[in-house]
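Asker: This is the structure, below, for whatever I ask next.
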Amino acid sequence: MARNLVTGGAGFIGSAIVRELLARGERPRVLDNFSTGRRENLADVLQRIDLVEGDLRDPAAVAAACQGVDCVFHEAALPSVPRSLERPQDSNDVNVTGTLNLLVAARDAKVRRVVYAGSSSAYGNTPVLPKVETMVPNPLSPYAVAKLAGELYCSVFSRNYGLETVTLRYFNVFGPRQDPTSPYAAVIPKFLRAIARGESPVIHGDGTQSRDFTYVDNVVAANLLAATAPGVSGEVMNVACGERVTLLDLHAQLCALLGSKLQPCFGPPRAGDVQHSLADIGKARRLLDYAPIVSFVDGLRRLERWTRGTAR
């Protein structure tokens, strides 16, 4: 019987959590509809997991996936700020209604705890840095609204139904198995792929915008800590490195890593994008004993080595 369920387990972060659970000797269950998750992310471990192919928007599929489970790592979502601006209804259906379906199913199945993948997009464009969990949210996109709604639902279920929930607000996660080919690809895999192919990456804006880039192993570690830490039900915590990197710095680092002298191209700023993002990770340090285990620079090196290895 699977003790842990990973929704969106075929996705970039979900598949990394699945691999860590396997490394700990467990047989996790995965719920995924493969709309954004990729089968190849699980191809080498399919015999060691319980795979439920289903959609968050289908209450029956979600209920079946939650049966007999102790903890749910809720990674499934329809990601991307630009996609949500194009398709706000879809973003709401998956990220809000789907999360509500998951919480109801977890409550009814007597799941002990749900660890929810929140988003730093909840903070919006407030100029105050670093971002602290006590700040008033100011979401700028349908995606940000939906992810914030999900964490509020988690809090309500903790208060009213006895279902333990922990929200981890992720800041710009990157690492292996992140799809660089999607039109909604995140900036690091997109830049890395372009530079490796001898193409100038496109920076939307002037490149001075900054992000708290967080290697995926840090996020996986935070999830596993959040699954077992005592006295944290209903809490919301930032998960990041607590460092700020501009897109110009990112481009320079990748060029140095790949031995390239390519100059970036510049395009207009994108709607819904925040200018600066930096996390205060003090709360996660206190409540989870969380600390980043992989720095930004080391994470870039690891990703480049992994990408080079898969290209052979």
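If you're wondering about the labels, chains in the structure tokens are A, B, ... by order shown, residues count from 1 in each chain, ligands from 1 in order shown.
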If you count only C-alpha atoms, which residues fall within 8 Å of range 80-82 of chain A, apart from same-chain ones fewer than 2 positions away, as a list of chain:residue names?
Answerer: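 The filter keeps A:Leu78, A:Ser84, A:Leu85, A:Glu86, A:Ser141, A:Pro142, A:Tyr143, A:Ala144, A:Tyr184, A:Ala185, A:Arg270, A:Ala271, A:Gly272, A:Asp273.
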Asker: Give me, as JSON lines, each residue of range 87-191 of chain A that comes within 8 Å of range 277-299 of chain A, together with its shortest interatomic pair and the distance in Å at one decimal, counting only C-alpha atoms, with rows ordered by chain and rising residue number.
Answerer:
{"residue": "A:Ser120", "atom": "CA", "partner": "A:Ser277", "partner_atom": "CA", "distance": 7.9}
{"residue": "A:Leu129", "atom": "CA", "partner": "A:Leu278", "partner_atom": "CA", "distance": 6.2}
{"residue": "A:Pro130", "atom": "CA", "partner": "A:Leu278", "partner_atom": "CA", "distance": 4.9}
{"residue": "A:Lys131", "atom": "CA", "partner": "A:Ala279", "partner_atom": "CA", "distance": 4.9}
{"residue": "A:Val132", "atom": "CA", "partner": "A:Asp280", "partner_atom": "CA", "distance": 5.5}
{"residue": "A:Phe171", "atom": "CA", "partner": "A:Ala279", "partner_atom": "CA", "distance": 7.4}
{"residue": "A:Gly175", "atom": "CA", "partner": "A:Gly299", "partner_atom": "CA", "distance": 7.2}
Asker: Determine which residues of range 58-260 of chain A receive a DSSP assignment of helix (DSSP H, G or I), computed from the backbone, and state them as a PyMOL selection string.
Answerer: chain A and resi 59-66+81-86+88-108+120-123+142-161+187-196+216-228+247-258
Asker: Env of Leu22 in chain A: 12 Å cut, atoms = only C-alpha atoms, seq-sep filter 2 positions within chain, self excluded. Answer as a list of chain:residue names.
Answerer: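 Listing them by chain and then by number gives A:Ala2, A:Arg3, A:Asn4, A:Val6, A:Ser15, A:Ala16, A:Ile17, A:Val18, A:Arg19, A:Glu20, A:Arg24, A:Gly25, A:Glu26, A:Arg27, A:Pro28, A:Arg29, A:Leu42, A:Asp44, A:Val45, A:Leu46, A:Gln47, A:Arg48, A:Ile49, A:Asp50.
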Asker: Within 10 Å of Ala10 in chain A, counting only C-alpha atoms, which residues qualify if same-chain residues fewer than 5 places away don't, as a CSV table (one decimal) with N, CA and C atoms, in the first residue's frame?
Answerer:
chain,number,residue,atom,x,y,z
A,15,SER,N,8.2,14.5,-10.1
A,15,SER,CA,9.0,13.3,-10.4
A,15,SER,C,10.3,13.3,-9.5
A,16,ALA,N,10.8,14.5,-9.2
A,16,ALA,CA,11.9,14.5,-8.3
A,16,ALA,C,11.5,14.1,-6.9
A,17,ILE,N,10.3,14.4,-6.4
A,17,ILE,CA,9.8,13.9,-5.1
A,17,ILE,C,9.7,12.4,-5.2
A,18,VAL,N,9.1,11.9,-6.3
A,18,VAL,CA,8.9,10.5,-6.4
A,18,VAL,C,10.3,9.7,-6.3
A,30,VAL,N,1.3,7.8,-7.7
A,30,VAL,CA,1.4,9.0,-8.6
A,30,VAL,C,0.0,9.1,-9.2
A,31,LEU,N,-0.5,10.4,-9.1
A,31,LEU,CA,-1.7,10.7,-9.9
A,31,LEU,C,-1.3,11.8,-10.9
A,32,ASP,N,-1.6,11.5,-12.2
A,32,ASP,CA,-1.2,12.4,-13.2
A,32,ASP,C,-2.1,12.2,-14.5
A,33,ASN,N,-2.4,13.3,-15.2
A,33,ASN,CA,-3.2,13.1,-16.4
A,33,ASN,C,-2.3,13.3,-17.6
A,34,PHE,N,-1.0,13.6,-17.4
A,34,PHE,CA,0.0,13.8,-18.5
A,34,PHE,C,-0.3,14.9,-19.4
A,35,SER,N,-1.0,15.9,-18.9
A,35,SER,CA,-1.3,17.1,-19.8
A,35,SER,C,0.0,18.0,-19.8
A,36,THR,N,0.6,18.2,-18.7
A,36,THR,CA,1.9,18.9,-18.7
A,36,THR,C,3.1,18.0,-18.2
A,37,GLY,N,2.7,17.0,-17.4
A,37,GLY,CA,3.8,16.0,-17.0
A,37,GLY,C,4.1,15.1,-18.1
A,38,ARG,N,5.3,14.5,-18.1
A,38,ARG,CA,5.7,13.7,-19.2
A,38,ARG,C,6.0,12.3,-18.8
A,39,ARG,N,5.6,11.3,-19.6
A,39,ARG,CA,5.7,9.9,-19.3
A,39,ARG,C,7.2,9.6,-19.1
A,40,GLU,N,8.1,10.2,-19.9
A,40,GLU,CA,9.5,9.9,-19.9
A,40,GLU,C,10.1,10.2,-18.5
A,41,ASN,N,9.5,11.1,-17.8
A,41,ASN,CA,10.0,11.5,-16.5
A,41,ASN,C,9.9,10.3,-15.5
A,42,LEU,N,9.0,9.4,-15.8
A,42,LEU,CA,8.8,8.2,-14.9
A,42,LEU,C,9.2,6.9,-15.5
A,43,ALA,N,9.7,7.0,-16.8
A,43,ALA,CA,9.9,5.7,-17.6
A,43,ALA,C,10.8,4.7,-16.9
A,51,LEU,N,0.8,3.8,-10.4
A,51,LEU,CA,0.4,5.0,-11.3
A,51,LEU,C,-1.1,5.0,-11.4
A,75,GLU,N,1.5,18.4,-6.1
A,75,GLU,CA,2.3,19.1,-7.0
A,75,GLU,C,1.5,19.4,-8.3
A,76,ALA,N,0.4,18.7,-8.5
A,76,ALA,CA,-0.3,18.8,-9.8
A,76,ALA,C,-0.9,20.2,-9.9
A,177,ARG,N,14.8,17.6,-15.8
A,177,ARG,CA,13.5,17.2,-16.3
A,177,ARG,C,12.5,18.3,-16.4
